[in-house]
Structure formats: C-alpha cells, structure tokens
Amino acid sequence: MVASIVQNPLKLGTTLHLTPTILAPISRPLLFFSNPLQLRAVRRASVSMSYDRQLAAAKKAASLAARLCQKVQKALLQSDVQSKFDRTPVTVADYGSQALVSFILEKELPSMSFSLVAEEDSEDLRKEEAQGTLKRITDLVNETLASDGMTDVSPLSEEDVLVAIDNGKSEGGPRGQHWVLDPIDGTKGFLRGDQYAIALALLDEGKVVLGVLACPNLPLASIASRNQHISKDDVGCLFYAQVGTGTYMQSLDGSRETKVHVCATETPEEASFFESFEAEHSMHDLSSSIAKKLGVKAPPVRIDSQAKYGALSRGDGAIYLRFPHKGYREKIWDHAAGYIVVAEAGGVATDAAGNPLDFSRGRYLDLDTGIIVANQKLMPALLKAVQESLKEKASSL
Ligand SMILES: Nc1ncnc2c1ncn2[C@@H]1O[C@H](COP(=O)(O)O)[C@@H](O)[C@H]1OP(=O)(O)O
Ligand SMILES: [Mg+2]
Ligand SMILES: [Mg+2]
Ligand SMILES: [Mg+2]
C-alpha cells in the first residue's frame with residue numbers, strides 16, 4: 001500500500017493576506033583597526049553571522065511567488081503548460097514565480113551584489129509564438145505585486161520580466177553570495193493539483209546559509225496521520241532556516257510561527273520514509289529494499305517536491321530516500337533550501353556514500369548515487385542498509 005497526500009487546490013480557494021515584512025538591519029560592531037585587512041575580515045565575519053535582512057526578503061519573495069502559483073493552479077489551463085527541450089513541463093507559474101522572486105530580492109536588497117542561480121531562462125519566451133504566454137506571465141507578476149500593495153513600483157514591462165527571469169543565469173560557485181531558486185519545485189505535482197514548493201536559498205562562500213520553502217498545498221498539521229479532515233484554512237506552510245538559528249514554520253498568511261524539529265526516533269522499525277511521487281525521479285524498488293532491511297513497517301509516503309524536506313523537518317516522517325535513475329544529474333536548486341531546513345531542524349542530509357552535499361560546485365550537485373536524509377541517530381543504520389541494497393542491486397544487473 002502506498003500513501004500519498006493529495007490536496008486538490010482547485011477545490012480549496014485559499015486567499016492569502018500578507019502583512020508587509022519589516023526588514024531588520026544588520027548590526028555592525030563599532031571597532032577600530034589600524035590594519036585595513038583586519039578590519040575587512042572582521043566586517044566580513046560580522047556580516048556573515050546574520051542574514052536577517054536576506055531572510056526577510058526571501059520570505060517575502062517566496063510568499064508572493066506562492067500567491068502567484070496558487071492563482072495559476074486554481075485556474076489551470078492547458079495553454080499554460082509548455083514543454084522544455086528536456087521534455088519536462090514548465091508553466092506560466094514557473095516563469096512568473098522566477099521573475100517575481102528575482103525582482104523582489106533585487107528591490108529589497110539594493111546594497112547587495114545580486115547573483116541568482118535559478119532553473120528557468122527566457123529563451124523559449126522570446127520566440128514569436130510565445131508572445132501571448134509572455135503577456136500572461138507579465139500580467140500575473142504585476143497583479144501579484146499590486147495585490148501586496150506594492151504601490152512604490154511601476155508595473156513591469158514584458159522586457160523587465162524577461163530580464164528578471166534571466167538574472168537566474170549565474171553559475172554559483174565557491175566564492176561570494178548567490179541566491180539559489182527553484183521557482184516551482186515539483187512541476188508535475190503542481191499540474192496534478194498535488195504538492196509543490198517554491199524553494200529559495202542563499203549560498204555564502206559555497207555554503208547554504210539560509211533557506212525558505214513555501215509549500216502552498218502542505219497541511220499545517222502533520223501528514224503522518226493521513227486520514228484526518230483538513231480545512232482549506234489549514235493548508236499552506238512556509239518553512240525557513242538561517243544557519244545556526246534553527247528551523248521555523250509558519251502559515252503562508254504569516255501567522256502561527258513555530259520552531260520545528262526532526263523526528264527523534266532511534267528505532268528504524270518506528271520510522272516512516274518519504275520518497276518521490278514519480279517513480280521516474282527516484283527508484284522505488286531500491287528504497288523498498290532499504291526500508292525492508294531497516295525493518296521499517298510503515299508504507300512509503302510519496303509526495304512531490306521539497307515539501308518532503310519541510311515535512312521531515314517537523315517530524316512527519318523520519319527518513320527521505322532519493323535515488324534518481326542512472327545518468328540524472330541533481331541541480332543545486334532542487335536541494336539547497338530543503339537541505340538547510342532539515343539541517344537546522346536537527347537532521348542530516350548526505351549522498352548515498354555518506355558524504356556531505358557540496359553546493360559550491362556550480363549549478364549541479366555532483367554526488368554519489370543518491371540523497372538520504374534522517375536524524376543523526378538513524379544515520380549509521382540507514383547508511384549500512386543503503387550500501388547493502390546498492391551492492392545487491394549492482395550484482396543482480
Ligand atoms: N528524471 C528525473 N529524475 C529525478 N528528478 C527529476 C527528473 N526530472 C525532473 N526532476 C526534478 O525532480 C524534482 C521533483 O522531485 P520529486 O520527485 O521529489 O518531486 C523536481 O526538481 C524536478 O524538477 P522540477 O523542478 O522541474 O519539477
Ligand atoms: Mg522543471
Ligand atoms: Mg525542482
Ligand atoms: Mg522547477
């Protein structure tokens with residue numbers, strides 16, 4: 001038996017009321033240094049310790065992008081779906097979300113040099129036949145900005161939208177600060193009316209220092225017990241984490257902030273695990289073999305997108321297993337935000353060999369075989385089961 005969380009937002013009709021975010025200033029200590037190098041080093045340390053301003057901007061950007069996506073998901077039209085060169089779907093909401101997040105981050109943080117590594121680009125939208133689609137995206141972005149009472153910005157032109165989308169072409173890397181965005185993670189789930197996430201993270205010197213996950217269709221209550229009735233007011237979560245300060249969840253309307261922690265179980269038999277809804281994205285036979293070795297009794301919980309990391313960070317399940325098929329290269333925007341949300345909640349995410357995930361190598365996350373996530377206590381047994389199952393699979397080929 002397989003459990004899946006299916007929230008059809010076409011029936012939910014949620015309206016969001018966002019309050020404007022107040023930006024907290026970075027506090028810089030007043031110190032005197034005669035050596036300018038020393039002064040620069042201390043300034044760098046003091047700035048890198050607090051990402052409050054960036055976090056506030058990221059929360060605002062992801063919440064507004066979620067509002068845009070909800071609107072599109074409610075009125076999903078076939079014409080809103082294009083196909084990219086790799087034949088994965090992309091919708092007006094993917095483009096609109098990326099344009100909006102890019103525009104808001106740059107506007108809210110004018111003093112920062114702006115670098116964004118993001119999934120989408122404007123190439124297909126610049127084609128003659130995409131004129132109508134581009135107009136629709138531009139309208140969606142402007143309507144969303146207006147709905148937030150952003151009266152200090154004049155409406156974006158179609159060219160502004162294309163430029164905002166193409167800001168996402170940065171290569172990232174180990175130096176400086178880079179935003180990392182998946183404007184809709186789990187587009188297939190989005191199209192099905194199921195789970196998806198707007199995933200935004202910040203890299204500083206190659207490390208993930210903050211992450212925000214907006215999950216418009218994820219219930220605020222645990223999805224561990226799946227048969228409860230969920231009202232439309234109890235759906236839509238925003239997870240966020242800043243390095244060294246823990247992970248928090250609030251409702252997408254800005255209320256009900258709570259600190260969250262991963263499941264503390266030390267007993268694999270009690271653990272339940274998450275995996276992709278799509279068998280094309282992760283090998284279900286392999287995860288089933290791992291779960292069997294661990295003695296996991298509960299059926300897998302299959303949901304789309306980084307909503308899995310969010311649900312894991314608040315203890316809805318204890319393990320996340322992801323084993324893409326041979327040849328697939330993971331991208332940093334598919335894991336950066338989820339990674340810090342889980343890590344700050346007390347979890348560990350590694351590749352299948354137990355190596356830490358390295359987000360500093362550019363747009364791809366080159367890793368060994370797969371990604372596994374659990375609490376610290378479960379990790380040794382999980383790694384052992386993963387290695388055994390991988391060996392068995394290799395010898396059966
Ligand atoms: N063949 C594939 N194997 C693994 N992941 C994929 C594949 N194709 C797309 N993805 C990406 O996997 C993620 C969804 O994973 P999940 O199965 O956990 O929901 C998405 O980021 C999706 O991209 P996208 O952002 O375009 O939806
Ligand atoms: Mg995609
Ligand atoms: Mg993705
Ligand atoms: Mg995406």
# chains A, B, ... in the order shown; residues from 1 in each chain; ligands from 1
>>> residues_near_ligand(ligand="ligand 2", cutoff="7 Å", atoms="only C-alpha atoms and all ligand atoms", output="VMD selection string")
chain A and resid 88 to 90 119 185 187
>>> write_last_selection(atoms="C-alpha atoms", output="CSV table (one decimal), in the first residue's frame")
chain,number,residue,atom,x,y,z
A,88,THR,CA,9.9,18.4,-18.6
A,89,PRO,CA,6.8,20.6,-18.1
A,90,VAL,CA,7.1,24.3,-17.4
A,119,GLU,CA,16.1,26.8,-13.0
A,185,ASP,CA,9.8,22.5,-7.5
A,187,THR,CA,6.0,21.0,-11.5
>>> select_by_dssp(residues="stretch 189-392 of chain A", states="strand (DSSP E or B)", output="PyMOL selection string")
chain A and resi 197-204+207-219+235-242+247-251+258-260+273-275+301-302+319-322+331+347-351+356+364+371-375
>>> residues_around(residues="A:Leu200", least_positions_apart="3", cutoff="9 Å", atoms="only C-alpha atoms", output="PyMOL selection string")
chain A and resi 58-59+61-62+101+179-183+210-214+333+336-338
>>> write_last_selection(atoms="N, CA and C atoms", output="PDB file, in the first residue's frame")
ATOM      1  N   ALA A  58      13.749  37.047   1.453  1.00  0.00           N
ATOM      2  CA  ALA A  58      13.467  35.728   0.867  1.00  0.00           C
ATOM      3  C   ALA A  58      12.065  35.260   1.248  1.00  0.00           C
ATOM      4  N   LYS A  59      11.668  35.492   2.504  1.00  0.00           N
ATOM      5  CA  LYS A  59      10.318  35.080   2.936  1.00  0.00           C
ATOM      6  C   LYS A  59       9.253  35.845   2.146  1.00  0.00           C
ATOM      7  N   ALA A  61       9.598  37.242  -0.836  1.00  0.00           N
ATOM      8  CA  ALA A  61       9.623  36.827  -2.247  1.00  0.00           C
ATOM      9  C   ALA A  61       8.932  35.472  -2.423  1.00  0.00           C
ATOM     10  N   ALA A  62       9.248  34.510  -1.557  1.00  0.00           N
ATOM     11  CA  ALA A  62       8.667  33.164  -1.707  1.00  0.00           C
ATOM     12  C   ALA A  62       7.169  33.179  -1.426  1.00  0.00           C
ATOM     13  N   VAL A 101      10.374  36.493  -7.815  1.00  0.00           N
ATOM     14  CA  VAL A 101      11.396  36.325  -6.764  1.00  0.00           C
ATOM     15  C   VAL A 101      12.638  37.134  -7.124  1.00  0.00           C
ATOM     16  N   TRP A 179      22.050  33.621  -4.662  1.00  0.00           N
ATOM     17  CA  TRP A 179      20.721  33.069  -4.395  1.00  0.00           C
ATOM     18  C   TRP A 179      20.520  31.840  -5.267  1.00  0.00           C
ATOM     19  N   VAL A 180      19.782  30.868  -4.752  1.00  0.00           N
ATOM     20  CA  VAL A 180      19.511  29.632  -5.494  1.00  0.00           C
ATOM     21  C   VAL A 180      17.999  29.403  -5.474  1.00  0.00           C
ATOM     22  N   LEU A 181      17.399  29.330  -6.665  1.00  0.00           N
ATOM     23  CA  LEU A 181      15.927  29.297  -6.724  1.00  0.00           C
ATOM     24  C   LEU A 181      15.392  28.196  -7.622  1.00  0.00           C
ATOM     25  N   ASP A 182      14.446  27.436  -7.086  1.00  0.00           N
ATOM     26  CA  ASP A 182      13.570  26.623  -7.928  1.00  0.00           C
ATOM     27  C   ASP A 182      12.197  27.283  -7.831  1.00  0.00           C
ATOM     28  N   PRO A 183      11.752  27.948  -8.913  1.00  0.00           N
ATOM     29  CA  PRO A 183      10.523  28.763  -8.810  1.00  0.00           C
ATOM     30  C   PRO A 183       9.278  27.919  -8.573  1.00  0.00           C
ATOM     31  N   LEU A 210      20.980  30.206   4.310  1.00  0.00           N
ATOM     32  CA  LEU A 210      19.557  30.337   4.654  1.00  0.00           C
ATOM     33  C   LEU A 210      18.721  29.651   3.592  1.00  0.00           C
ATOM     34  N   GLY A 211      17.518  29.271   3.992  1.00  0.00           N
ATOM     35  CA  GLY A 211      16.622  28.621   3.040  1.00  0.00           C
ATOM     36  C   GLY A 211      15.177  28.886   3.403  1.00  0.00           C
ATOM     37  N   VAL A 212      14.365  29.028   2.368  1.00  0.00           N
ATOM     38  CA  VAL A 212      12.927  29.229   2.563  1.00  0.00           C
ATOM     39  C   VAL A 212      12.206  28.268   1.623  1.00  0.00           C
ATOM     40  N   LEU A 213      11.225  27.569   2.172  1.00  0.00           N
ATOM     41  CA  LEU A 213      10.408  26.650   1.369  1.00  0.00           C
ATOM     42  C   LEU A 213       8.948  27.031   1.533  1.00  0.00           C
ATOM     43  N   ALA A 214       8.339  27.512   0.461  1.00  0.00           N
ATOM     44  CA  ALA A 214       6.894  27.781   0.520  1.00  0.00           C
ATOM     45  C   ALA A 214       6.187  26.576  -0.079  1.00  0.00           C
ATOM     46  N   TRP A 333      19.369  23.806  -7.031  1.00  0.00           N
ATOM     47  CA  TRP A 333      18.091  24.414  -6.616  1.00  0.00           C
ATOM     48  C   TRP A 333      17.067  23.362  -6.178  1.00  0.00           C
ATOM     49  N   ALA A 336      18.989  22.824  -2.140  1.00  0.00           N
ATOM     50  CA  ALA A 336      19.656  23.774  -1.230  1.00  0.00           C
ATOM     51  C   ALA A 336      18.733  24.227  -0.089  1.00  0.00           C
ATOM     52  N   ALA A 337      17.536  24.694  -0.426  1.00  0.00           N
ATOM     53  CA  ALA A 337      16.622  25.191   0.618  1.00  0.00           C
ATOM     54  C   ALA A 337      16.194  24.046   1.543  1.00  0.00           C
ATOM     55  N   GLY A 338      15.839  22.913   0.946  1.00  0.00           N
ATOM     56  CA  GLY A 338      15.408  21.764   1.748  1.00  0.00           C
ATOM     57  C   GLY A 338      16.503  21.281   2.677  1.00  0.00           C
TER      58      GLY A 338
END
>>> closest_residue(among="A:Lys393, A:Lys292, A:Arg67, A:Arg192", to="ligand 1", atoms="only C-alpha atoms and all ligand atoms")
A:Arg192
>>> residues_near_ligand(ligand="ligand 1", cutoff="7 Å", atoms="only C-alpha atoms and all ligand atoms", output="PDB file with N, CA and C atoms, in the first residue's frame")
ATOM      1  N   THR A  88      10.541  18.207 -19.847  1.00  0.00           N
ATOM      2  CA  THR A  88       9.874  18.366 -18.563  1.00  0.00           C
ATOM      3  C   THR A  88       8.890  19.522 -18.717  1.00  0.00           C
ATOM      4  N   PRO A  89       7.795  19.515 -17.959  1.00  0.00           N
ATOM      5  CA  PRO A  89       6.823  20.593 -18.142  1.00  0.00           C
ATOM      6  C   PRO A  89       7.283  21.903 -17.507  1.00  0.00           C
ATOM      7  N   ASP A 182      14.446  27.436  -7.086  1.00  0.00           N
ATOM      8  CA  ASP A 182      13.570  26.623  -7.928  1.00  0.00           C
ATOM      9  C   ASP A 182      12.197  27.283  -7.831  1.00  0.00           C
ATOM     10  N   ILE A 184       9.257  26.716  -9.166  1.00  0.00           N
ATOM     11  CA  ILE A 184       8.285  25.683  -8.769  1.00  0.00           C
ATOM     12  C   ILE A 184       9.053  24.374  -8.764  1.00  0.00           C
ATOM     13  N   ASP A 185       9.206  23.810  -7.594  1.00  0.00           N
ATOM     14  CA  ASP A 185       9.838  22.503  -7.493  1.00  0.00           C
ATOM     15  C   ASP A 185       8.709  21.486  -7.442  1.00  0.00           C
ATOM     16  N   GLY A 186       8.777  20.502  -8.333  1.00  0.00           N
ATOM     17  CA  GLY A 186       7.686  19.527  -8.407  1.00  0.00           C
ATOM     18  C   GLY A 186       6.606  20.002  -9.363  1.00  0.00           C
ATOM     19  N   THR A 187       7.014  20.449 -10.550  1.00  0.00           N
ATOM     20  CA  THR A 187       6.016  20.963 -11.503  1.00  0.00           C
ATOM     21  C   THR A 187       4.970  19.889 -11.831  1.00  0.00           C
ATOM     22  N   LYS A 188       5.392  18.629 -11.841  1.00  0.00           N
ATOM     23  CA  LYS A 188       4.419  17.563 -12.146  1.00  0.00           C
ATOM     24  C   LYS A 188       3.351  17.488 -11.053  1.00  0.00           C
ATOM     25  N   GLY A 189       3.767  17.669  -9.816  1.00  0.00           N
ATOM     26  CA  GLY A 189       2.805  17.706  -8.708  1.00  0.00           C
ATOM     27  C   GLY A 189       1.895  18.919  -8.825  1.00  0.00           C
ATOM     28  N   GLU A 275       9.463   9.542  -0.154  1.00  0.00           N
ATOM     29  CA  GLU A 275      10.154   9.447  -1.438  1.00  0.00           C
ATOM     30  C   GLU A 275       9.328  10.152  -2.498  1.00  0.00           C
ATOM     31  N   SER A 276       9.906  10.263  -3.717  1.00  0.00           N
ATOM     32  CA  SER A 276       9.213  10.947  -4.817  1.00  0.00           C
ATOM     33  C   SER A 276       7.893  10.270  -5.131  1.00  0.00           C
ATOM     34  N   PHE A 277       6.934  11.067  -5.530  1.00  0.00           N
ATOM     35  CA  PHE A 277       5.695  10.510  -6.054  1.00  0.00           C
ATOM     36  C   PHE A 277       5.994   9.805  -7.384  1.00  0.00           C
ATOM     37  N   GLU A 278       6.846  10.432  -8.177  1.00  0.00           N
ATOM     38  CA  GLU A 278       7.157   9.928  -9.518  1.00  0.00           C
ATOM     39  C   GLU A 278       8.262   8.863  -9.458  1.00  0.00           C
ATOM     40  N   GLU A 280       9.776   7.832 -11.853  1.00  0.00           N
ATOM     41  CA  GLU A 280      10.781   8.283 -12.824  1.00  0.00           C
ATOM     42  C   GLU A 280      11.880   9.104 -12.130  1.00  0.00           C
ATOM     43  N   HIS A 281      11.558   9.727 -11.006  1.00  0.00           N
ATOM     44  CA  HIS A 281      12.523  10.589 -10.311  1.00  0.00           C
ATOM     45  C   HIS A 281      13.355   9.853  -9.270  1.00  0.00           C
ATOM     46  N   SER A 282      12.853   8.733  -8.776  1.00  0.00           N
ATOM     47  CA  SER A 282      13.570   8.017  -7.725  1.00  0.00           C
ATOM     48  C   SER A 282      13.164   6.544  -7.763  1.00  0.00           C
ATOM     49  N   ILE A 303       5.308  11.951  -1.927  1.00  0.00           N
ATOM     50  CA  ILE A 303       4.823  13.294  -2.284  1.00  0.00           C
ATOM     51  C   ILE A 303       5.867  13.984  -3.166  1.00  0.00           C
ATOM     52  N   ASP A 304       5.406  14.965  -3.917  1.00  0.00           N
ATOM     53  CA  ASP A 304       6.282  15.671  -4.840  1.00  0.00           C
ATOM     54  C   ASP A 304       7.071  16.763  -4.130  1.00  0.00           C
ATOM     55  N   SER A 305       8.207  17.072  -4.700  1.00  0.00           N
ATOM     56  CA  SER A 305       8.942  18.313  -4.396  1.00  0.00           C
ATOM     57  C   SER A 305       9.663  18.323  -3.051  1.00  0.00           C
ATOM     58  N   GLN A 306      10.273  19.486  -2.763  1.00  0.00           N
ATOM     59  CA  GLN A 306      10.974  19.671  -1.492  1.00  0.00           C
ATOM     60  C   GLN A 306      10.007  19.819  -0.313  1.00  0.00           C
ATOM     61  N   PRO A 324      17.789   8.811  -7.938  1.00  0.00           N
ATOM     62  CA  PRO A 324      17.446   9.035  -9.347  1.00  0.00           C
ATOM     63  C   PRO A 324      18.015   7.931 -10.234  1.00  0.00           C
ATOM     64  N   HIS A 325      17.418   7.774 -11.405  1.00  0.00           N
ATOM     65  CA  HIS A 325      17.916   6.764 -12.345  1.00  0.00           C
ATOM     66  C   HIS A 325      19.272   7.194 -12.901  1.00  0.00           C
ATOM     67  N   TYR A 328      21.025  10.815 -14.398  1.00  0.00           N
ATOM     68  CA  TYR A 328      20.397  12.074 -13.983  1.00  0.00           C
ATOM     69  C   TYR A 328      21.340  12.851 -13.083  1.00  0.00           C
ATOM     70  N   GLU A 330      21.645  15.820 -10.375  1.00  0.00           N
ATOM     71  CA  GLU A 330      20.856  16.677  -9.479  1.00  0.00           C
ATOM     72  C   GLU A 330      21.332  18.130  -9.604  1.00  0.00           C
ATOM     73  N   ASP A 334      17.323  22.094  -6.486  1.00  0.00           N
ATOM     74  CA  ASP A 334      16.389  21.045  -6.054  1.00  0.00           C
ATOM     75  C   ASP A 334      16.633  20.588  -4.617  1.00  0.00           C
TER      76      ASP A 334
END
>>> residues_around(residues="stretch 158-168 of chain A", least_positions_apart="5", cutoff="9 Å", atoms="only C-alpha atoms", output="ChimeraX atom specification")
/A:95-96,98-103,114-123,125-126,134-135,137-139,141,179-181
>>> write_last_selection(atoms="N, CA and C atoms", output="tab-separated table (two decimals), in the first residue's frame")
chain	number	residue	atom	x	y	z
A	95	TYR	N	7.63	30.46	-14.67
A	95	TYR	CA	8.28	31.69	-15.14
A	95	TYR	C	7.89	32.89	-14.26
A	96	GLY	N	6.60	32.97	-13.95
A	96	GLY	CA	6.12	34.11	-13.14
A	96	GLY	C	6.76	34.11	-11.77
A	98	GLN	N	9.65	32.81	-10.94
A	98	GLN	CA	11.07	33.17	-11.03
A	98	GLN	C	11.25	34.68	-11.24
A	99	ALA	N	10.41	35.26	-12.11
A	99	ALA	CA	10.50	36.71	-12.36
A	99	ALA	C	10.23	37.48	-11.06
A	100	LEU	N	9.19	37.06	-10.35
A	100	LEU	CA	8.78	37.76	-9.13
A	100	LEU	C	9.86	37.68	-8.04
A	101	VAL	N	10.37	36.49	-7.82
A	101	VAL	CA	11.40	36.32	-6.76
A	101	VAL	C	12.64	37.13	-7.12
A	102	SER	N	13.05	37.06	-8.37
A	102	SER	CA	14.24	37.79	-8.82
A	102	SER	C	14.03	39.29	-8.63
A	103	PHE	N	12.86	39.79	-9.04
A	103	PHE	CA	12.57	41.22	-8.93
A	103	PHE	C	12.54	41.67	-7.47
A	114	PHE	N	23.96	41.26	-6.78
A	114	PHE	CA	22.89	40.29	-6.97
A	114	PHE	C	23.31	39.18	-7.93
A	115	SER	N	23.32	37.96	-7.41
A	115	SER	CA	23.62	36.79	-8.25
A	115	SER	C	22.58	35.72	-7.96
A	116	LEU	N	21.98	35.19	-9.00
A	116	LEU	CA	20.89	34.21	-8.83
A	116	LEU	C	21.14	33.00	-9.73
A	117	VAL	N	21.10	31.82	-9.11
A	117	VAL	CA	21.19	30.56	-9.85
A	117	VAL	C	19.78	29.99	-9.85
A	118	ALA	N	19.11	29.98	-11.00
A	118	ALA	CA	17.71	29.54	-11.00
A	118	ALA	C	17.43	28.63	-12.19
A	119	GLU	N	16.34	27.88	-12.07
A	119	GLU	CA	16.07	26.82	-13.05
A	119	GLU	C	15.70	27.32	-14.45
A	120	GLU	N	14.85	28.35	-14.52
A	120	GLU	CA	14.29	28.71	-15.82
A	120	GLU	C	15.11	29.81	-16.52
A	121	ASP	N	14.95	29.89	-17.85
A	121	ASP	CA	15.51	31.03	-18.58
A	121	ASP	C	14.50	31.47	-19.63
A	122	SER	N	14.77	32.62	-20.27
A	122	SER	CA	13.73	33.24	-21.10
A	122	SER	C	13.78	32.81	-22.57
A	123	GLU	N	14.67	31.89	-22.90
A	123	GLU	CA	14.87	31.57	-24.32
A	123	GLU	C	13.56	31.26	-25.06
A	125	LEU	N	10.57	31.95	-24.19
A	125	LEU	CA	9.59	33.05	-24.11
A	125	LEU	C	9.88	34.16	-25.11
A	126	ARG	N	11.12	34.21	-25.62
A	126	ARG	CA	11.49	35.26	-26.57
A	126	ARG	C	11.07	34.88	-28.00
A	134	LEU	N	3.99	35.23	-22.73
A	134	LEU	CA	4.77	36.27	-22.04
A	134	LEU	C	3.86	37.36	-21.48
A	135	LYS	N	2.83	37.69	-22.22
A	135	LYS	CA	1.90	38.72	-21.75
A	135	LYS	C	1.18	38.22	-20.49
A	137	ILE	N	2.25	36.00	-18.34
A	137	ILE	CA	3.20	35.97	-17.22
A	137	ILE	C	3.37	37.39	-16.65
A	138	THR	N	3.52	38.36	-17.55
A	138	THR	CA	3.72	39.75	-17.12
A	138	THR	C	2.51	40.23	-16.32
A	139	ASP	N	1.30	39.91	-16.81
A	139	ASP	CA	0.08	40.30	-16.09
A	139	ASP	C	0.06	39.65	-14.70
A	141	VAL	N	2.55	38.65	-12.84
A	141	VAL	CA	3.56	39.26	-11.96
A	141	VAL	C	3.03	40.61	-11.46
A	179	TRP	N	22.05	33.62	-4.66
A	179	TRP	CA	20.72	33.07	-4.39
A	179	TRP	C	20.52	31.84	-5.27
A	180	VAL	N	19.78	30.87	-4.75
A	180	VAL	CA	19.51	29.63	-5.49
A	180	VAL	C	18.00	29.40	-5.47
A	181	LEU	N	17.40	29.33	-6.67
A	181	LEU	CA	15.93	29.30	-6.72
A	181	LEU	C	15.39	28.20	-7.62
>>> select_by_dssp(residues="stretch 131-331 of chain A", states="alpha helix (DSSP H)", output="MDAnalysis selection string")
chainID A and resid 131:147 158:166 187:192 284:294 307:313
